[in-house]
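File shown: target_0.pdb (PDB, C-alpha atoms, pLDDT in the B column).
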ATOM      1  CA  MET A   1     -16.931  -2.998  -4.977  1.00 30.00           C
ATOM      2  CA  ARG A   2     -13.495  -3.521  -3.437  1.00 35.00           C
ATOM      3  CA  THR A   3     -13.275  -5.820  -0.456  1.00 35.00           C
ATOM      4  CA  VAL A   4     -10.439  -7.070   1.697  1.00 39.00           C
ATOM      5  CA  SER A   5      -8.252  -9.915   0.499  1.00 41.00           C
ATOM      6  CA  GLN A   6      -8.549 -13.255   2.243  1.00 40.00           C
ATOM      7  CA  ALA A   7      -4.919 -12.746   3.319  1.00 49.00           C
ATOM      8  CA  THR A   8      -5.996 -10.043   5.757  1.00 53.00           C
ATOM      9  CA  PRO A   9      -6.233 -10.785   9.489  1.00 62.00           C
ATOM     10  CA  LEU A  10     -10.006 -11.095   9.657  1.00 72.00           C
ATOM     11  CA  ARG A  11     -11.660 -13.080  12.382  1.00 67.00           C
ATOM     12  CA  ARG A  12     -14.425 -13.872   9.925  1.00 70.00           C
ATOM     13  CA  ALA A  13     -14.537 -13.130   6.196  1.00 71.00           C
ATOM     14  CA  PRO A  14     -17.679 -11.375   4.944  1.00 70.00           C
ATOM     15  CA  VAL A  15     -20.003 -13.631   2.986  1.00 65.00           C
ATOM     16  CA  GLN A  16     -23.050 -11.523   2.230  1.00 77.00           C
ATOM     17  CA  ARG A  17     -22.959  -8.190   0.384  1.00 85.00           C
ATOM     18  CA  ARG A  18     -24.279  -6.352   3.430  1.00 85.00           C
ATOM     19  CA  SER A  19     -21.481  -7.724   5.572  1.00 85.00           C
ATOM     20  CA  ALA A  20     -18.857  -6.785   2.963  1.00 89.00           C
ATOM     21  CA  GLU A  21     -20.232  -3.239   2.782  1.00 92.00           C
ATOM     22  CA  ARG A  22     -20.079  -2.981   6.563  1.00 91.00           C
ATOM     23  CA  LEU A  23     -16.455  -4.101   6.549  1.00 94.00           C
ATOM     24  CA  THR A  24     -15.666  -1.477   3.921  1.00 95.00           C
ATOM     25  CA  ARG A  25     -17.263   1.226   6.087  1.00 96.00           C
ATOM     26  CA  ILE A  26     -15.239   0.078   9.098  1.00 96.00           C
ATOM     27  CA  LEU A  27     -11.944   0.273   7.204  1.00 96.00           C
ATOM     28  CA  ASP A  28     -12.890   3.628   5.669  1.00 97.00           C
ATOM     29  CA  ALA A  29     -13.627   4.975   9.155  1.00 97.00           C
ATOM     30  CA  CYS A  30     -10.355   3.558  10.454  1.00 96.00           C
ATOM     31  CA  ALA A  31      -8.438   5.327   7.666  1.00 97.00           C
ATOM     32  CA  ASP A  32     -10.158   8.671   8.292  1.00 97.00           C
ATOM     33  CA  LEU A  33      -9.547   8.509  12.043  1.00 97.00           C
ATOM     34  CA  LEU A  34      -5.880   7.663  11.563  1.00 95.00           C
ATOM     35  CA  ASP A  35      -5.469  10.979   9.752  1.00 95.00           C
ATOM     36  CA  GLU A  36      -7.432  12.832  12.421  1.00 96.00           C
ATOM     37  CA  VAL A  37      -6.177  11.378  15.707  1.00 95.00           C
ATOM     38  CA  GLY A  38      -3.239   9.093  14.899  1.00 93.00           C
ATOM     39  CA  TYR A  39      -2.733   5.439  15.739  1.00 92.00           C
ATOM     40  CA  ASP A  40      -2.240   5.777  19.501  1.00 91.00           C
ATOM     41  CA  ALA A  41      -5.606   7.528  19.984  1.00 94.00           C
ATOM     42  CA  LEU A  42      -7.435   5.216  17.591  1.00 94.00           C
ATOM     43  CA  SER A  43      -9.991   2.916  19.216  1.00 95.00           C
ATOM     44  CA  THR A  44     -12.394   0.270  17.996  1.00 95.00           C
ATOM     45  CA  ARG A  45     -15.255   2.172  19.643  1.00 95.00           C
ATOM     46  CA  ALA A  46     -14.414   5.375  17.764  1.00 97.00           C
ATOM     47  CA  VAL A  47     -14.249   3.432  14.515  1.00 97.00           C
ATOM     48  CA  ALA A  48     -17.661   1.879  15.188  1.00 97.00           C
ATOM     49  CA  LEU A  49     -19.161   5.305  15.857  1.00 97.00           C
ATOM     50  CA  ARG A  50     -17.638   6.818  12.717  1.00 97.00           C
ATOM     51  CA  ALA A  51     -18.721   3.852  10.584  1.00 96.00           C
ATOM     52  CA  ASP A  52     -22.211   3.925  12.157  1.00 95.00           C
ATOM     53  CA  VAL A  53     -22.095   0.231  13.035  1.00 95.00           C
ATOM     54  CA  PRO A  54     -22.498  -1.613  16.352  1.00 94.00           C
ATOM     55  CA  ILE A  55     -19.232  -2.200  18.210  1.00 95.00           C
ATOM     56  CA  GLY A  56     -19.957  -5.915  17.879  1.00 94.00           C
ATOM     57  CA  SER A  57     -19.658  -5.578  14.109  1.00 92.00           C
ATOM     58  CA  VAL A  58     -16.078  -4.353  14.511  1.00 94.00           C
ATOM     59  CA  TYR A  59     -15.218  -7.258  16.801  1.00 93.00           C
ATOM     60  CA  ARG A  60     -16.864  -9.644  14.377  1.00 92.00           C
ATOM     61  CA  PHE A  61     -13.984  -8.890  11.993  1.00 92.00           C
ATOM     62  CA  PHE A  62     -11.141  -7.707  14.253  1.00 93.00           C
ATOM     63  CA  GLY A  63      -9.896  -8.563  17.719  1.00 91.00           C
ATOM     64  CA  ASN A  64      -8.121  -5.229  18.202  1.00 91.00           C
ATOM     65  CA  LYS A  65      -7.050  -2.071  16.399  1.00 92.00           C
ATOM     66  CA  ARG A  66      -3.752  -3.604  15.293  1.00 90.00           C
ATOM     67  CA  GLN A  67      -5.618  -6.225  13.269  1.00 90.00           C
ATOM     68  CA  MET A  68      -7.778  -3.468  11.813  1.00 92.00           C
ATOM     69  CA  ALA A  69      -4.669  -1.483  10.807  1.00 91.00           C
ATOM     70  CA  ASP A  70      -3.146  -4.594   9.259  1.00 90.00           C
ATOM     71  CA  ALA A  71      -6.315  -5.161   7.232  1.00 92.00           C
ATOM     72  CA  LEU A  72      -6.241  -1.545   6.064  1.00 94.00           C
ATOM     73  CA  ALA A  73      -2.609  -1.991   5.004  1.00 92.00           C
ATOM     74  CA  GLN A  74      -3.534  -5.088   3.019  1.00 91.00           C
ATOM     75  CA  ARG A  75      -6.408  -3.217   1.360  1.00 93.00           C
ATOM     76  CA  ASN A  76      -3.969  -0.447   0.475  1.00 94.00           C
ATOM     77  CA  LEU A  77      -1.725  -2.981  -1.230  1.00 93.00           C
ATOM     78  CA  GLU A  78      -4.639  -4.469  -3.155  1.00 93.00           C
ATOM     79  CA  ARG A  79      -5.779  -1.042  -4.316  1.00 95.00           C
ATOM     80  CA  TYR A  80      -2.227  -0.076  -5.221  1.00 95.00           C
ATOM     81  CA  ALA A  81      -1.866  -3.222  -7.332  1.00 94.00           C
ATOM     82  CA  GLU A  82      -5.150  -2.389  -9.081  1.00 95.00           C
ATOM     83  CA  ARG A  83      -3.962   1.138  -9.867  1.00 95.00           C
ATOM     84  CA  VAL A  84      -0.594  -0.055 -11.194  1.00 94.00           C
ATOM     85  CA  THR A  85      -2.274  -2.731 -13.309  1.00 93.00           C
ATOM     86  CA  GLU A  86      -4.624  -0.144 -14.812  1.00 93.00           C
ATOM     87  CA  ARG A  87      -1.692   2.124 -15.658  1.00 91.00           C
ATOM     88  CA  LEU A  88       0.223  -0.736 -17.253  1.00 90.00           C
ATOM     89  CA  THR A  89      -2.798  -1.635 -19.364  1.00 88.00           C
ATOM     90  CA  GLU A  90      -2.963   1.946 -20.632  1.00 84.00           C
ATOM     91  CA  SER A  91       0.778   2.060 -21.412  1.00 75.00           C
ATOM     92  CA  ALA A  92       1.419  -1.442 -22.711  1.00 68.00           C
ATOM     93  CA  ASP A  93       4.288  -0.401 -25.004  1.00 74.00           C
ATOM     94  CA  ASP A  94       6.308   1.810 -22.665  1.00 78.00           C
ATOM     95  CA  GLY A  95       8.738  -0.867 -21.460  1.00 88.00           C
ATOM     96  CA  TRP A  96      10.252  -1.032 -18.011  1.00 92.00           C
ATOM     97  CA  ARG A  97      10.654   2.761 -17.778  1.00 93.00           C
ATOM     98  CA  GLY A  98       6.912   3.194 -18.208  1.00 92.00           C
ATOM     99  CA  ALA A  99       6.369   0.463 -15.634  1.00 93.00           C
ATOM    100  CA  LEU A 100       8.682   2.275 -13.203  1.00 94.00           C
ATOM    101  CA  ASP A 101       6.747   5.508 -13.687  1.00 94.00           C
ATOM    102  CA  ALA A 102       3.466   3.687 -13.023  1.00 94.00           C
ATOM    103  CA  VAL A 103       4.797   2.034  -9.867  1.00 95.00           C
ATOM    104  CA  LEU A 104       6.293   5.221  -8.433  1.00 96.00           C
ATOM    105  CA  ASP A 105       3.555   7.640  -9.547  1.00 96.00           C
ATOM    106  CA  GLU A 106       0.731   5.538  -8.128  1.00 96.00           C
ATOM    107  CA  TYR A 107       2.559   5.165  -4.817  1.00 96.00           C
ATOM    108  CA  LEU A 108       3.047   8.931  -4.625  1.00 97.00           C
ATOM    109  CA  ALA A 109      -0.610   9.527  -5.517  1.00 97.00           C
ATOM    110  CA  MET A 110      -1.772   7.261  -2.693  1.00 96.00           C
ATOM    111  CA  LYS A 111       0.727   8.836  -0.321  1.00 95.00           C
ATOM    112  CA  ARG A 112      -0.811  12.236  -1.078  1.00 96.00           C
ATOM    113  CA  THR A 113      -4.502  11.381  -1.223  1.00 96.00           C
ATOM    114  CA  ALA A 114      -5.453   8.022   0.348  1.00 96.00           C
ATOM    115  CA  PRO A 115      -6.867   8.432   3.892  1.00 96.00           C
ATOM    116  CA  GLY A 116      -4.661   6.917   6.576  1.00 94.00           C
ATOM    117  CA  PHE A 117      -1.941   6.019   4.073  1.00 94.00           C
ATOM    118  CA  SER A 118       0.688   8.321   5.549  1.00 89.00           C
ATOM    119  CA  LEU A 119       0.634   6.272   8.759  1.00 89.00           C
ATOM    120  CA  ILE A 120      -0.164   2.791   7.476  1.00 89.00           C
ATOM    121  CA  ASP A 121       0.826   2.569   3.808  1.00 90.00           C
ATOM    122  CA  PHE A 122       1.455  -1.172   3.337  1.00 90.00           C
ATOM    123  CA  GLY A 123       1.907  -1.918   7.020  1.00 77.00           C
ATOM    124  CA  ASN A 124       5.431  -0.781   7.822  1.00 55.00           C
ATOM    125  CA  GLN A 125       4.922   2.218  10.103  1.00 57.00           C
ATOM    126  CA  ILE A 126       2.770   1.024  13.007  1.00 60.00           C
ATOM    127  CA  PRO A 127       3.789   1.552  15.739  1.00 58.00           C
ATOM    128  CA  VAL A 128       4.880   4.888  14.290  1.00 52.00           C
ATOM    129  CA  GLY A 129       8.521   4.684  13.251  1.00 49.00           C
ATOM    130  CA  ASP A 130       8.642   0.871  13.287  1.00 55.00           C
ATOM    131  CA  ARG A 131       9.849   0.139   9.760  1.00 54.00           C
ATOM    132  CA  HIS A 132      10.486  -3.587   9.499  1.00 55.00           C
ATOM    133  CA  ALA A 133      11.227  -5.512   6.317  1.00 53.00           C
ATOM    134  CA  VAL A 134       8.189  -7.752   5.856  1.00 73.00           C
ATOM    135  CA  PRO A 135       5.838  -5.300   4.073  1.00 80.00           C
ATOM    136  CA  ASN A 136       8.510  -4.324   1.533  1.00 87.00           C
ATOM    137  CA  HIS A 137       9.058  -8.004   0.754  1.00 88.00           C
ATOM    138  CA  ARG A 138       5.294  -8.275   0.254  1.00 89.00           C
ATOM    139  CA  VAL A 139       5.291  -5.280  -2.105  1.00 92.00           C
ATOM    140  CA  ALA A 140       8.289  -6.624  -4.038  1.00 92.00           C
ATOM    141  CA  ASP A 141       6.606 -10.014  -4.423  1.00 92.00           C
ATOM    142  CA  ARG A 142       3.411  -8.375  -5.694  1.00 92.00           C
ATOM    143  CA  LEU A 143       5.339  -6.236  -8.182  1.00 93.00           C
ATOM    144  CA  THR A 144       7.202  -9.309  -9.393  1.00 93.00           C
ATOM    145  CA  GLU A 145       3.851 -10.973 -10.087  1.00 91.00           C
ATOM    146  CA  LEU A 146       2.463  -7.869 -11.794  1.00 90.00           C
ATOM    147  CA  LEU A 147       5.469  -6.906 -13.887  1.00 91.00           C
ATOM    148  CA  SER A 148       7.121 -10.173 -14.913  1.00 90.00           C
ATOM    149  CA  GLY A 149       4.732 -10.791 -17.804  1.00 86.00           C
ATOM    150  CA  TYR A 150       4.706  -7.124 -18.779  1.00 87.00           C
ATOM    151  CA  LEU A 151       8.511  -7.136 -18.971  1.00 87.00           C
ATOM    152  CA  GLY A 152       8.760 -10.538 -20.630  1.00 87.00           C
ATOM    153  CA  ARG A 153      10.756 -11.953 -17.722  1.00 87.00           C
ATOM    154  CA  ARG A 154      10.364 -15.071 -15.630  1.00 88.00           C
ATOM    155  CA  PRO A 155       9.266 -14.293 -12.047  1.00 90.00           C
ATOM    156  CA  ASP A 156      12.450 -15.791 -10.602  1.00 90.00           C
ATOM    157  CA  ASP A 157      14.574 -14.995  -7.556  1.00 91.00           C
ATOM    158  CA  ASP A 158      16.799 -12.594  -9.506  1.00 91.00           C
ATOM    159  CA  LEU A 159      13.857 -10.460 -10.601  1.00 92.00           C
ATOM    160  CA  ARG A 160      12.358 -10.579  -7.108  1.00 93.00           C
ATOM    161  CA  ARG A 161      15.673  -9.439  -5.599  1.00 93.00           C
ATOM    162  CA  THR A 162      15.900  -6.621  -8.136  1.00 94.00           C
ATOM    163  CA  PHE A 163      12.442  -5.360  -7.225  1.00 94.00           C
ATOM    164  CA  LEU A 164      13.134  -5.742  -3.500  1.00 94.00           C
ATOM    165  CA  VAL A 165      16.214  -3.516  -3.784  1.00 95.00           C
ATOM    166  CA  ALA A 166      14.201  -0.994  -5.820  1.00 96.00           C
ATOM    167  CA  VAL A 167      11.298  -1.033  -3.338  1.00 95.00           C
ATOM    168  CA  GLU A 168      13.577  -0.598  -0.316  1.00 93.00           C
ATOM    169  CA  THR A 169      15.409   2.253  -2.027  1.00 95.00           C
ATOM    170  CA  ALA A 170      12.231   4.012  -3.138  1.00 95.00           C
ATOM    171  CA  ASP A 171      10.649   3.546   0.303  1.00 92.00           C
ATOM    172  CA  THR A 172      13.564   5.223   2.085  1.00 93.00           C
ATOM    173  CA  LEU A 173      13.836   8.130  -0.349  1.00 96.00           C
ATOM    174  CA  VAL A 174      10.091   8.777  -0.597  1.00 96.00           C
ATOM    175  CA  GLN A 175       9.896   8.900   3.203  1.00 93.00           C
ATOM    176  CA  LEU A 176      12.689  11.485   3.091  1.00 96.00           C
ATOM    177  CA  ALA A 177      10.835  13.503   0.438  1.00 97.00           C
ATOM    178  CA  PHE A 178       7.715  13.630   2.604  1.00 95.00           C
ATOM    179  CA  ARG A 179       9.688  14.622   5.691  1.00 95.00           C
ATOM    180  CA  VAL A 180      11.151  17.559   3.769  1.00 97.00           C
ATOM    181  CA  ALA A 181       7.819  18.718   2.293  1.00 97.00           C
ATOM    182  CA  PRO A 182       4.212  17.790   3.174  1.00 93.00           C
ATOM    183  CA  ASP A 183       3.376  16.713  -0.395  1.00 95.00           C
ATOM    184  CA  GLY A 184       6.809  15.266  -1.121  1.00 96.00           C
ATOM    185  CA  ASP A 185       9.816  17.306  -2.175  1.00 98.00           C
ATOM    186  CA  GLU A 186       9.836  17.213  -5.985  1.00 97.00           C
ATOM    187  CA  LYS A 187      13.613  17.429  -6.274  1.00 98.00           C
ATOM    188  CA  ILE A 188      14.113  14.429  -4.000  1.00 98.00           C
ATOM    189  CA  ILE A 189      11.401  12.550  -5.909  1.00 98.00           C
ATOM    190  CA  GLY A 190      13.217  13.409  -9.137  1.00 98.00           C
ATOM    191  CA  GLU A 191      16.483  12.092  -7.693  1.00 98.00           C
ATOM    192  CA  THR A 192      14.656   8.940  -6.602  1.00 98.00           C
ATOM    193  CA  ARG A 193      13.311   8.374 -10.109  1.00 97.00           C
ATOM    194  CA  ALA A 194      16.762   8.944 -11.650  1.00 97.00           C
ATOM    195  CA  LEU A 195      18.421   6.576  -9.178  1.00 97.00           C
ATOM    196  CA  LEU A 196      15.861   3.842  -9.835  1.00 97.00           C
ATOM    197  CA  ARG A 197      16.206   4.281 -13.599  1.00 96.00           C
ATOM    198  CA  ALA A 198      19.985   3.928 -13.333  1.00 96.00           C
ATOM    199  CA  TYR A 199      19.759   0.812 -11.160  1.00 96.00           C
ATOM    200  CA  LEU A 200      17.011  -0.914 -13.124  1.00 95.00           C
ATOM    201  CA  GLY A 201      18.700  -0.029 -16.417  1.00 94.00           C
ATOM    202  CA  ARG A 202      21.676  -2.170 -15.421  1.00 91.00           C
ATOM    203  CA  VAL A 203      19.384  -5.119 -14.790  1.00 88.00           C
ATOM    204  CA  LEU A 204      16.469  -4.782 -17.211  1.00 90.00           C
ATOM    205  CA  ASP A 205      18.004  -3.289 -20.379  1.00 84.00           C
TER
END
Written form, structure tokens:
Amino acid sequence: MRTVSQATPLRRAPVQRRSAERLTRILDACADLLDEVGYDALSTRAVALRADVPIGSVYRFFGNKRQMADALAQRNLERYAERVTERLTESADDGWRGALDAVLDEYLAMKRTAPGFSLIDFGNQIPVGDRHAVPNHRVADRLTELLSGYLGRRPDDDLRRTFLVAVETADTLVQLAFRVAPDGDEKIIGETRALLRAYLGRVLD
């Protein structure tokens, strides 16, 4: 069972299995409601009703809906890392190009299918349109941890900077692809993949 990382903004971390399951239901309900009503209309009371838990259970973990959204973003990142790791395990001999495909494909898959992801992703769109740098730094750091051993590279500042540039570039272009088409414009996604291959080839070959 997946639970929320200790890095998330929880008032109190779940200890017992029942409490962890309740937290999972709360975040699942939050994600579903984000797709249905958006962030502005989201409320802790609506989440409690959808999750079928007392409102006090929501406030046990979160002081407000922003903290709940932040926790959902962190869970998204944890699940994304799990998916990328699984792909890398399956394609251990594909080099950095295979790693790039895993990183981009799994992001696109979550963008298309994960509830609430189109608004929250890894935390850089709430309030809607507020795209600040911190979440992309967090993603780049996580990818550096995940990929350094796979690529046979030290997780140093140069590699971290390389991944940060790649993440920022992919983020901007994928957002464009999903503005052009609801499921992501395939031609723009193809251009994104080609651009990333060209950039990373200069650094990783």
note = What separates CA of Leu88 (chain A) and CA of Leu151 (chain A) is a distance of 10.6 Å
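Between CA of Ala71 (chain A) and CA of Asp158 (chain A) lies a distance of 29.5 Å.
Counting only C-alpha atoms, region 180-194 of chain A has the following residues at most 10 Å away, ignoring those fewer than 5 positions along the same chain: Arg97, Leu100, Asp101, Leu104, Asp105, Leu108, Ala109, Lys111, Arg112, Thr113, Ala166, Thr169, Ala170, Asp171, Thr172, Leu173, Val174, Gln175, Tyr199 and Leu200 of chain A.
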key: Atom-to-atom span, CA of Leu143 (chain A) and CA of Gly95 (chain A), Å   = 14.7 Å
message = For Asp156 (chain A), find every residue with an atom within 9 Å (counting all atoms listed in the file), except residues of its own chain fewer than 5 positions away, and show them as a PyMOL selection string.
response = chain A and resi 144+148+161
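Residues matched by the PyMOL selection byres ((chain A and resi 28) around 9) in this file are Leu23, Thr24, Arg25, Ile26, Leu27, Ala29, Cys30, Ala31, Asp32, Leu33, Val47, Ala51, Leu72, Pro115 and Gly116 of chain A.
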message = As a check of understanding, name the residues that the PyMOL selection byres ((chain A and resi 57) around 10) selects in the supplied structure, as a PyMOL selection string.
response = chain A and resi 19+22-23+26+48+53-56+58-62
inquiry  = Using all atoms listed in the file for the distances, tell me which of A:Phe163, A:Phe122, A:Tyr39, A:Tyr150 is nearest to Ser91 (chain A).
reply    = A:Tyr150
All file atoms of region 111-126 of chain A boxed axis-aligned, 8 Å per side, centre plus edges, as lines of an AutoDock Vina configuration file:
center_x = -0.7
center_y = 5.2
center_z = 5.9
size_x = 28.3
size_y = 30.2
size_z = 30.2
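Between Asp141 (chain A) and the residues A:Thr162, A:Ser118, A:Thr89, A:Thr44, the shortest atom-to-atom distance, using only C-alpha atoms, involves A:Thr162.
Here the question is which of A:Leu49, A:Arg153, A:Leu146, A:Leu34 gets nearest to Phe117 (chain A) using all atoms listed in the file, and that residue is A:Leu34.
Using all atoms listed in the file, the smallest distance between any of A:Val84, A:Ala102, A:Val134, A:Ala114 and Glu168 (chain A) comes from A:Val134.
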note = Among A:Lys65, A:Arg142, A:Arg12, A:Arg45, Thr85 (chain A) is approached most closely, using all atoms listed in the file, by A:Arg142
